[in-house]
Amino acid sequence: MKTNDLILVQEADFDINQHYQKLLQINPSNSGAAVLFIGLVRDLDHAKVEAMQLEHYPGMTEVCLQQIVDRARLRWSLEGIHIVHRVGKLLRHEQIVLVGVTSRHRSDAFSACEFVMDYLKQDAPFWKAEYTEHGKQWVEVKASDQQANERW
């Protein structure tokens, strides 16, 4: 892992501004763009989500996230990448994931951030269960997530 990258899997919430400031400190004379994506617990089309339970396989998850970061670095010229993914029980509207990317150019930063999120959603070993008024339901990979990966 490059020292400019950060991969965290944690139960605690994260501070967006803290990660933004850390990303800005990475080679500031070369960074011309910073892109941050925050994923939130949201309601389903057909039901209100009361909570989401996220589980993972410690060790394997971080290796998989590092592989995604490595692939992004091969494709784009990047200064830094931060991934923070929460696990445990999260309530509606809570933050789930942060993907932050800095680069010399905005197109690299936008593309890399989207790439990382698309692969994280499809390939990272996280298991999600949603709790609604209809009970608990495990989340399966969506066709739209698979299609998003195929474009890369």
# chains A, B, ... in the order shown; residues from 1 in each chain; ligands from 1
$ residues_around --residues "A:His134" --least-positions-apart "4" --cutoff "12 Å" --atoms "only C-alpha atoms" --output "compact mmCIF listing (two decimals) with N, CA and C atoms, in the first residue's frame"
# COMPACT_ATOMS: atom_id res chain seq x y z
N LEU A 44 -35.58 1.54 0.68
CA LEU A 44 -35.78 0.79 -0.55
C LEU A 44 -36.95 1.41 -1.31
N HIS A 46 -39.58 -0.12 -2.15
CA HIS A 46 -40.82 -0.72 -1.66
C HIS A 46 -40.93 -0.78 -0.13
N ALA A 47 -39.94 -0.29 0.60
CA ALA A 47 -39.99 -0.38 2.06
C ALA A 47 -39.03 0.62 2.71
N LYS A 48 -39.38 0.99 3.94
CA LYS A 48 -38.54 1.88 4.73
C LYS A 48 -37.51 1.03 5.47
N VAL A 49 -36.24 1.36 5.32
CA VAL A 49 -35.17 0.64 6.01
C VAL A 49 -35.00 1.23 7.40
N GLU A 50 -35.15 0.37 8.40
CA GLU A 50 -34.96 0.80 9.78
C GLU A 50 -33.48 0.74 10.16
N GLU A 130 -30.82 -5.95 5.40
CA GLU A 130 -31.66 -4.78 5.64
C GLU A 130 -32.83 -5.18 6.52
$ select_by_dssp --residues "stretch 34-145 of chain A" --states "alpha helix (DSSP H)" --output "PDB file with N, CA, C and O atoms, in the first residue's frame"
ATOM      1  N   MET A  60      -9.433 -10.600   4.908  1.00  0.00           N
ATOM      2  CA  MET A  60      -9.752 -10.798   3.498  1.00  0.00           C
ATOM      3  C   MET A  60     -10.353  -9.523   2.900  1.00  0.00           C
ATOM      4  O   MET A  60     -10.046  -9.162   1.764  1.00  0.00           O
ATOM      5  N   THR A  61     -11.173  -8.840   3.668  1.00  0.00           N
ATOM      6  CA  THR A  61     -11.803  -7.616   3.178  1.00  0.00           C
ATOM      7  C   THR A  61     -10.755  -6.567   2.833  1.00  0.00           C
ATOM      8  O   THR A  61     -10.791  -5.969   1.754  1.00  0.00           O
ATOM      9  N   GLU A  62      -9.812  -6.349   3.732  1.00  0.00           N
ATOM     10  CA  GLU A  62      -8.787  -5.333   3.497  1.00  0.00           C
ATOM     11  C   GLU A  62      -7.913  -5.688   2.298  1.00  0.00           C
ATOM     12  O   GLU A  62      -7.521  -4.803   1.527  1.00  0.00           O
ATOM     13  N   VAL A  63      -7.601  -6.967   2.127  1.00  0.00           N
ATOM     14  CA  VAL A  63      -6.813  -7.404   0.963  1.00  0.00           C
ATOM     15  C   VAL A  63      -7.582  -7.107  -0.324  1.00  0.00           C
ATOM     16  O   VAL A  63      -7.019  -6.594  -1.293  1.00  0.00           O
ATOM     17  N   CYS A  64      -8.859  -7.394  -0.331  1.00  0.00           N
ATOM     18  CA  CYS A  64      -9.684  -7.138  -1.515  1.00  0.00           C
ATOM     19  C   CYS A  64      -9.743  -5.637  -1.822  1.00  0.00           C
ATOM     20  O   CYS A  64      -9.608  -5.231  -2.976  1.00  0.00           O
ATOM     21  N   LEU A  65      -9.928  -4.819  -0.789  1.00  0.00           N
ATOM     22  CA  LEU A  65      -9.966  -3.368  -0.994  1.00  0.00           C
ATOM     23  C   LEU A  65      -8.625  -2.860  -1.522  1.00  0.00           C
ATOM     24  O   LEU A  65      -8.584  -1.987  -2.395  1.00  0.00           O
ATOM     25  N   GLN A  66      -7.534  -3.406  -1.030  1.00  0.00           N
ATOM     26  CA  GLN A  66      -6.211  -3.012  -1.529  1.00  0.00           C
ATOM     27  C   GLN A  66      -6.057  -3.379  -3.005  1.00  0.00           C
ATOM     28  O   GLN A  66      -5.479  -2.620  -3.781  1.00  0.00           O
ATOM     29  N   GLN A  67      -6.568  -4.530  -3.400  1.00  0.00           N
ATOM     30  CA  GLN A  67      -6.500  -4.930  -4.807  1.00  0.00           C
ATOM     31  C   GLN A  67      -7.283  -3.964  -5.689  1.00  0.00           C
ATOM     32  O   GLN A  67      -6.845  -3.634  -6.797  1.00  0.00           O
ATOM     33  N   ILE A  68      -8.417  -3.493  -5.213  1.00  0.00           N
ATOM     34  CA  ILE A  68      -9.210  -2.514  -5.970  1.00  0.00           C
ATOM     35  C   ILE A  68      -8.424  -1.216  -6.110  1.00  0.00           C
ATOM     36  O   ILE A  68      -8.352  -0.633  -7.195  1.00  0.00           O
ATOM     37  N   VAL A  69      -7.813  -0.759  -5.019  1.00  0.00           N
ATOM     38  CA  VAL A  69      -6.988   0.455  -5.053  1.00  0.00           C
ATOM     39  C   VAL A  69      -5.825   0.277  -6.028  1.00  0.00           C
ATOM     40  O   VAL A  69      -5.534   1.169  -6.837  1.00  0.00           O
ATOM     41  N   ASP A  70      -5.165  -0.882  -5.989  1.00  0.00           N
ATOM     42  CA  ASP A  70      -4.038  -1.140  -6.892  1.00  0.00           C
ATOM     43  C   ASP A  70      -4.472  -1.078  -8.354  1.00  0.00           C
ATOM     44  O   ASP A  70      -3.762  -0.518  -9.200  1.00  0.00           O
ATOM     45  N   ARG A  71      -5.632  -1.637  -8.661  1.00  0.00           N
ATOM     46  CA  ARG A  71      -6.142  -1.592 -10.045  1.00  0.00           C
ATOM     47  C   ARG A  71      -6.438  -0.157 -10.478  1.00  0.00           C
ATOM     48  O   ARG A  71      -6.162   0.221 -11.610  1.00  0.00           O
ATOM     49  N   ALA A  72      -6.988   0.635  -9.570  1.00  0.00           N
ATOM     50  CA  ALA A  72      -7.270   2.040  -9.887  1.00  0.00           C
ATOM     51  C   ALA A  72      -5.961   2.786 -10.159  1.00  0.00           C
ATOM     52  O   ALA A  72      -5.865   3.578 -11.102  1.00  0.00           O
ATOM     53  N   ARG A  73      -4.940   2.517  -9.368  1.00  0.00           N
ATOM     54  CA  ARG A  73      -3.651   3.195  -9.552  1.00  0.00           C
ATOM     55  C   ARG A  73      -2.994   2.819 -10.881  1.00  0.00           C
ATOM     56  O   ARG A  73      -2.239   3.607 -11.436  1.00  0.00           O
ATOM     57  N   LEU A  74      -3.258   1.617 -11.363  1.00  0.00           N
ATOM     58  CA  LEU A  74      -2.714   1.216 -12.666  1.00  0.00           C
ATOM     59  C   LEU A  74      -3.389   1.957 -13.819  1.00  0.00           C
ATOM     60  O   LEU A  74      -2.788   2.154 -14.865  1.00  0.00           O
ATOM     61  N   ARG A  75      -4.627   2.358 -13.625  1.00  0.00           N
ATOM     62  CA  ARG A  75      -5.410   2.986 -14.705  1.00  0.00           C
ATOM     63  C   ARG A  75      -5.297   4.500 -14.750  1.00  0.00           C
ATOM     64  O   ARG A  75      -5.409   5.095 -15.815  1.00  0.00           O
ATOM     65  N   ARG A 106      -9.052  16.409 -12.740  1.00  0.00           N
ATOM     66  CA  ARG A 106     -10.384  16.021 -12.266  1.00  0.00           C
ATOM     67  C   ARG A 106     -10.905  14.764 -12.936  1.00  0.00           C
ATOM     68  O   ARG A 106     -11.564  13.948 -12.300  1.00  0.00           O
ATOM     69  N   SER A 107     -10.603  14.571 -14.216  1.00  0.00           N
ATOM     70  CA  SER A 107     -11.129  13.386 -14.903  1.00  0.00           C
ATOM     71  C   SER A 107     -10.579  12.110 -14.274  1.00  0.00           C
ATOM     72  O   SER A 107     -11.316  11.128 -14.095  1.00  0.00           O
ATOM     73  N   ASP A 108      -9.313  12.099 -13.912  1.00  0.00           N
ATOM     74  CA  ASP A 108      -8.735  10.930 -13.236  1.00  0.00           C
ATOM     75  C   ASP A 108      -9.380  10.715 -11.866  1.00  0.00           C
ATOM     76  O   ASP A 108      -9.702   9.584 -11.493  1.00  0.00           O
ATOM     77  N   ALA A 109      -9.575  11.804 -11.133  1.00  0.00           N
ATOM     78  CA  ALA A 109     -10.148  11.694  -9.790  1.00  0.00           C
ATOM     79  C   ALA A 109     -11.587  11.183  -9.850  1.00  0.00           C
ATOM     80  O   ALA A 109     -11.964  10.277  -9.102  1.00  0.00           O
ATOM     81  N   PHE A 110     -12.403  11.737 -10.742  1.00  0.00           N
ATOM     82  CA  PHE A 110     -13.785  11.283 -10.873  1.00  0.00           C
ATOM     83  C   PHE A 110     -13.846   9.823 -11.308  1.00  0.00           C
ATOM     84  O   PHE A 110     -14.575   9.017 -10.733  1.00  0.00           O
ATOM     85  N   SER A 111     -13.092   9.481 -12.346  1.00  0.00           N
ATOM     86  CA  SER A 111     -13.127   8.110 -12.867  1.00  0.00           C
ATOM     87  C   SER A 111     -12.649   7.103 -11.835  1.00  0.00           C
ATOM     88  O   SER A 111     -13.265   6.056 -11.641  1.00  0.00           O
ATOM     89  N   ALA A 112     -11.558   7.407 -11.171  1.00  0.00           N
ATOM     90  CA  ALA A 112     -11.014   6.480 -10.179  1.00  0.00           C
ATOM     91  C   ALA A 112     -11.976   6.301  -9.008  1.00  0.00           C
ATOM     92  O   ALA A 112     -12.168   5.180  -8.524  1.00  0.00           O
ATOM     93  N   CYS A 113     -12.594   7.370  -8.556  1.00  0.00           N
ATOM     94  CA  CYS A 113     -13.542   7.277  -7.447  1.00  0.00           C
ATOM     95  C   CYS A 113     -14.729   6.397  -7.840  1.00  0.00           C
ATOM     96  O   CYS A 113     -15.137   5.508  -7.073  1.00  0.00           O
ATOM     97  N   GLU A 114     -15.253   6.599  -9.026  1.00  0.00           N
ATOM     98  CA  GLU A 114     -16.379   5.789  -9.490  1.00  0.00           C
ATOM     99  C   GLU A 114     -15.978   4.327  -9.684  1.00  0.00           C
ATOM    100  O   GLU A 114     -16.709   3.407  -9.317  1.00  0.00           O
ATOM    101  N   PHE A 115     -14.803   4.110 -10.238  1.00  0.00           N
ATOM    102  CA  PHE A 115     -14.274   2.757 -10.425  1.00  0.00           C
ATOM    103  C   PHE A 115     -14.152   2.034  -9.088  1.00  0.00           C
ATOM    104  O   PHE A 115     -14.608   0.897  -8.924  1.00  0.00           O
ATOM    105  N   VAL A 116     -13.526   2.688  -8.108  1.00  0.00           N
ATOM    106  CA  VAL A 116     -13.342   2.082  -6.795  1.00  0.00           C
ATOM    107  C   VAL A 116     -14.695   1.736  -6.182  1.00  0.00           C
ATOM    108  O   VAL A 116     -14.896   0.623  -5.675  1.00  0.00           O
ATOM    109  N   MET A 117     -15.641   2.649  -6.259  1.00  0.00           N
ATOM    110  CA  MET A 117     -16.958   2.390  -5.670  1.00  0.00           C
ATOM    111  C   MET A 117     -17.672   1.255  -6.399  1.00  0.00           C
ATOM    112  O   MET A 117     -18.277   0.384  -5.762  1.00  0.00           O
ATOM    113  N   ASP A 118     -17.599   1.232  -7.719  1.00  0.00           N
ATOM    114  CA  ASP A 118     -18.254   0.162  -8.487  1.00  0.00           C
ATOM    115  C   ASP A 118     -17.682  -1.207  -8.129  1.00  0.00           C
ATOM    116  O   ASP A 118     -18.419  -2.175  -7.927  1.00  0.00           O
ATOM    117  N   TYR A 119     -16.366  -1.300  -8.032  1.00  0.00           N
ATOM    118  CA  TYR A 119     -15.745  -2.586  -7.698  1.00  0.00           C
ATOM    119  C   TYR A 119     -15.947  -2.950  -6.235  1.00  0.00           C
ATOM    120  O   TYR A 119     -16.132  -4.124  -5.902  1.00  0.00           O
ATOM    121  N   LEU A 120     -15.931  -1.959  -5.367  1.00  0.00           N
ATOM    122  CA  LEU A 120     -16.174  -2.215  -3.957  1.00  0.00           C
ATOM    123  C   LEU A 120     -17.579  -2.800  -3.780  1.00  0.00           C
ATOM    124  O   LEU A 120     -17.767  -3.784  -3.069  1.00  0.00           O
ATOM    125  N   LYS A 121     -18.543  -2.221  -4.462  1.00  0.00           N
ATOM    126  CA  LYS A 121     -19.933  -2.665  -4.348  1.00  0.00           C
ATOM    127  C   LYS A 121     -20.113  -4.103  -4.825  1.00  0.00           C
ATOM    128  O   LYS A 121     -20.900  -4.857  -4.270  1.00  0.00           O
ATOM    129  N   GLN A 122     -19.379  -4.488  -5.838  1.00  0.00           N
ATOM    130  CA  GLN A 122     -19.551  -5.812  -6.456  1.00  0.00           C
ATOM    131  C   GLN A 122     -18.597  -6.863  -5.869  1.00  0.00           C
ATOM    132  O   GLN A 122     -19.005  -7.987  -5.631  1.00  0.00           O
ATOM    133  N   ASP A 123     -17.343  -6.503  -5.643  1.00  0.00           N
ATOM    134  CA  ASP A 123     -16.314  -7.504  -5.341  1.00  0.00           C
ATOM    135  C   ASP A 123     -15.902  -7.611  -3.879  1.00  0.00           C
ATOM    136  O   ASP A 123     -15.363  -8.641  -3.475  1.00  0.00           O
ATOM    137  N   ALA A 143     -28.238  -6.442 -10.648  1.00  0.00           N
ATOM    138  CA  ALA A 143     -27.810  -6.445 -12.046  1.00  0.00           C
ATOM    139  C   ALA A 143     -27.169  -5.110 -12.411  1.00  0.00           C
ATOM    140  O   ALA A 143     -26.187  -5.066 -13.153  1.00  0.00           O
ATOM    141  N   SER A 144     -27.679  -4.016 -11.847  1.00  0.00           N
ATOM    142  CA  SER A 144     -27.115  -2.689 -12.149  1.00  0.00           C
ATOM    143  C   SER A 144     -25.683  -2.570 -11.646  1.00  0.00           C
ATOM    144  O   SER A 144     -24.853  -1.896 -12.268  1.00  0.00           O
ATOM    145  N   ASP A 145     -25.366  -3.226 -10.514  1.00  0.00           N
ATOM    146  CA  ASP A 145     -23.992  -3.218 -10.000  1.00  0.00           C
ATOM    147  C   ASP A 145     -23.073  -4.009 -10.930  1.00  0.00           C
ATOM    148  O   ASP A 145     -21.934  -3.610 -11.188  1.00  0.00           O
TER     149      ASP A 145
END
$ residues_around --residues "A:Leu8" --least-positions-apart "2" --cutoff "8 Å" --atoms "only C-alpha atoms" --output "NGL selection string"
:A and (6 or 10 or 62 or 83-85)
$ select_by_dssp --residues "chain A" --states "strand (DSSP E or B)" --output "PyMOL selection string"
chain A and resi 6-10+33-40+49-56+78-86+88-91+95-103+126-132+135-138
$ write_last_selection --atoms "N, CA and C atoms" --output "short mmCIF file (atom, residue, chain, number, x, y, z; two decimals), in the first residue's frame"
data_model
loop_
_atom_site.label_atom_id
_atom_site.label_comp_id
_atom_site.auth_asym_id
_atom_site.auth_seq_id
_atom_site.Cartn_x
_atom_site.Cartn_y
_atom_site.Cartn_z
N LEU A 6 -5.24 4.99 2.27
CA LEU A 6 -5.76 4.59 3.57
C LEU A 6 -6.95 3.68 3.34
N ILE A 7 -6.93 2.52 3.97
CA ILE A 7 -8.04 1.57 3.89
C ILE A 7 -8.42 1.22 5.32
N LEU A 8 -9.67 1.52 5.68
CA LEU A 8 -10.17 1.24 7.03
C LEU A 8 -11.50 0.52 6.94
N VAL A 9 -11.66 -0.51 7.73
CA VAL A 9 -12.94 -1.18 7.93
C VAL A 9 -13.21 -1.06 9.41
N GLN A 10 -14.32 -0.40 9.77
CA GLN A 10 -14.54 -0.05 11.17
C GLN A 10 -16.02 0.07 11.49
N ALA A 33 -7.29 18.08 -8.03
CA ALA A 33 -8.68 17.66 -7.87
C ALA A 33 -8.81 16.70 -6.70
N ALA A 34 -9.91 16.83 -5.99
CA ALA A 34 -10.27 15.89 -4.92
C ALA A 34 -11.74 15.53 -5.12
N VAL A 35 -12.02 14.24 -5.15
CA VAL A 35 -13.39 13.76 -5.29
C VAL A 35 -13.68 12.85 -4.11
N LEU A 36 -14.78 13.11 -3.43
CA LEU A 36 -15.21 12.27 -2.32
C LEU A 36 -16.62 11.78 -2.57
N PHE A 37 -16.82 10.49 -2.33
CA PHE A 37 -18.15 9.89 -2.42
C PHE A 37 -18.50 9.34 -1.04
N ILE A 38 -19.72 9.60 -0.60
CA ILE A 38 -20.21 9.08 0.67
C ILE A 38 -21.47 8.28 0.37
N GLY A 39 -21.49 7.01 0.76
CA GLY A 39 -22.68 6.17 0.63
C GLY A 39 -23.43 6.16 1.95
N LEU A 40 -24.76 6.24 1.86
CA LEU A 40 -25.63 6.33 3.03
C LEU A 40 -26.63 5.18 3.06
N VAL A 49 -36.24 1.36 5.32
CA VAL A 49 -35.17 0.64 6.01
C VAL A 49 -35.00 1.23 7.40
N GLU A 50 -35.15 0.37 8.40
CA GLU A 50 -34.96 0.80 9.78
C GLU A 50 -33.48 0.74 10.16
N ALA A 51 -32.80 -0.28 9.65
CA ALA A 51 -31.38 -0.46 9.94
C ALA A 51 -30.77 -1.39 8.90
N MET A 52 -29.46 -1.38 8.85
CA MET A 52 -28.71 -2.28 7.98
C MET A 52 -27.60 -2.90 8.82
N GLN A 53 -27.41 -4.19 8.67
CA GLN A 53 -26.33 -4.89 9.35
C GLN A 53 -25.29 -5.27 8.30
N LEU A 54 -24.06 -4.82 8.50
CA LEU A 54 -22.97 -5.14 7.58
C LEU A 54 -21.96 -6.02 8.27
N GLU A 55 -21.64 -7.14 7.63
CA GLU A 55 -20.64 -8.06 8.14
C GLU A 55 -19.54 -8.21 7.10
N HIS A 56 -18.37 -8.65 7.56
CA HIS A 56 -17.25 -8.83 6.64
C HIS A 56 -16.34 -9.91 7.18
N LEU A 78 -2.87 9.00 -9.82
CA LEU A 78 -3.53 9.41 -8.58
C LEU A 78 -2.51 9.79 -7.52
N GLU A 79 -2.89 10.72 -6.68
CA GLU A 79 -2.05 11.13 -5.56
C GLU A 79 -2.39 10.32 -4.31
N GLY A 80 -3.67 10.16 -4.02
CA GLY A 80 -4.08 9.43 -2.82
C GLY A 80 -5.47 8.86 -2.95
N ILE A 81 -5.70 7.77 -2.22
CA ILE A 81 -7.02 7.14 -2.17
C ILE A 81 -7.31 6.78 -0.72
N HIS A 82 -8.51 7.14 -0.27
CA HIS A 82 -8.99 6.75 1.04
C HIS A 82 -10.27 5.94 0.86
N ILE A 83 -10.33 4.79 1.51
CA ILE A 83 -11.56 4.01 1.59
C ILE A 83 -11.82 3.76 3.07
N VAL A 84 -13.01 4.14 3.50
CA VAL A 84 -13.45 3.83 4.86
C VAL A 84 -14.81 3.15 4.70
N HIS A 85 -14.91 1.92 5.17
CA HIS A 85 -16.17 1.18 5.07
C HIS A 85 -16.57 0.74 6.47
N ARG A 86 -17.79 1.07 6.82
CA ARG A 86 -18.29 0.71 8.15
C ARG A 86 -18.91 -0.68 8.14
N GLY A 88 -21.17 -3.46 11.06
CA GLY A 88 -22.01 -3.43 12.26
C GLY A 88 -23.40 -2.95 11.89
N LYS A 89 -24.14 -2.53 12.90
CA LYS A 89 -25.52 -2.08 12.69
C LYS A 89 -25.54 -0.58 12.43
N LEU A 90 -26.11 -0.20 11.29
CA LEU A 90 -26.22 1.20 10.90
C LEU A 90 -27.70 1.54 10.73
N LEU A 91 -28.08 2.72 11.17
CA LEU A 91 -29.46 3.17 11.06
C LEU A 91 -29.67 3.96 9.78
N GLN A 95 -23.87 7.11 7.53
CA GLN A 95 -22.82 6.90 6.53
C GLN A 95 -22.36 5.45 6.55
N ILE A 96 -22.22 4.88 5.34
CA ILE A 96 -21.71 3.51 5.22
C ILE A 96 -20.27 3.52 4.74
N VAL A 97 -20.01 4.29 3.69
CA VAL A 97 -18.71 4.20 3.03
C VAL A 97 -18.25 5.58 2.56
N LEU A 98 -16.94 5.77 2.61
CA LEU A 98 -16.30 6.94 2.03
C LEU A 98 -15.24 6.45 1.04
N VAL A 99 -15.27 7.01 -0.16
CA VAL A 99 -14.20 6.81 -1.13
C VAL A 99 -13.72 8.21 -1.50
N GLY A 100 -12.46 8.48 -1.23
CA GLY A 100 -11.88 9.77 -1.56
C GLY A 100 -10.65 9.59 -2.43
N VAL A 101 -10.54 10.43 -3.46
CA VAL A 101 -9.43 10.32 -4.42
C VAL A 101 -8.90 11.71 -4.72
N THR A 102 -7.57 11.85 -4.72
CA THR A 102 -6.95 13.08 -5.21
C THR A 102 -6.06 12.74 -6.40
N SER A 103 -6.02 13.71 -7.31
CA SER A 103 -5.26 13.53 -8.54
C SER A 103 -4.89 14.90 -9.09
N PHE A 126 -18.38 -7.95 1.68
CA PHE A 126 -19.29 -7.43 2.70
C PHE A 126 -20.63 -8.11 2.50
N TRP A 127 -21.26 -8.46 3.60
CA TRP A 127 -22.60 -9.04 3.55
C TRP A 127 -23.53 -8.08 4.27
N LYS A 128 -24.65 -7.75 3.58
CA LYS A 128 -25.56 -6.73 4.10
C LYS A 128 -26.95 -7.32 4.29
N ALA A 129 -27.53 -7.05 5.44
CA ALA A 129 -28.92 -7.41 5.71
C ALA A 129 -29.67 -6.12 6.02
N GLU A 130 -30.82 -5.95 5.40
CA GLU A 130 -31.66 -4.78 5.64
C GLU A 130 -32.83 -5.18 6.52
N TYR A 131 -33.13 -4.33 7.49
CA TYR A 131 -34.26 -4.55 8.39
C TYR A 131 -35.35 -3.54 8.05
N THR A 132 -36.50 -4.04 7.62
CA THR A 132 -37.64 -3.19 7.27
C THR A 132 -38.86 -3.67 8.06
N GLY A 135 -39.37 -7.30 7.87
CA GLY A 135 -38.40 -8.20 8.48
C GLY A 135 -37.00 -8.01 7.93
N LYS A 136 -36.16 -9.02 8.16
CA LYS A 136 -34.76 -9.00 7.74
C LYS A 136 -34.62 -9.63 6.36
N GLN A 137 -33.84 -8.97 5.50
CA GLN A 137 -33.60 -9.50 4.16
C GLN A 137 -32.14 -9.27 3.79
N TRP A 138 -31.46 -10.35 3.38
CA TRP A 138 -30.08 -10.22 2.93
C TRP A 138 -30.07 -9.57 1.55
#
$ atom_distance --atom1 "atom CA of A:His93" --atom2 "atom CA of A:Arg42"
5.8 Å
$ closest_residue --among "A:Glu150, A:Val87, A:Pro28, A:Asp43" --to "A:Arg104" --atoms "only C-alpha atoms"
A:Pro28
$ decode --residues "stretch 56-68 of chain A" --atoms "C-alpha atoms" --output "tab-separated table (two decimals), in the first residue's frame"
chain	number	residue	atom	x	y	z
A	56	HIS	CA	-17.25	-8.83	6.64
A	57	TYR	CA	-14.40	-11.27	6.74
A	58	PRO	CA	-11.57	-9.45	8.59
A	59	GLY	CA	-8.25	-9.60	6.76
A	60	MET	CA	-9.75	-10.80	3.50
A	61	THR	CA	-11.80	-7.62	3.18
A	62	GLU	CA	-8.79	-5.33	3.50
A	63	VAL	CA	-6.81	-7.40	0.96
A	64	CYS	CA	-9.68	-7.14	-1.51
A	65	LEU	CA	-9.97	-3.37	-0.99
A	66	GLN	CA	-6.21	-3.01	-1.53
A	67	GLN	CA	-6.50	-4.93	-4.81
A	68	ILE	CA	-9.21	-2.51	-5.97
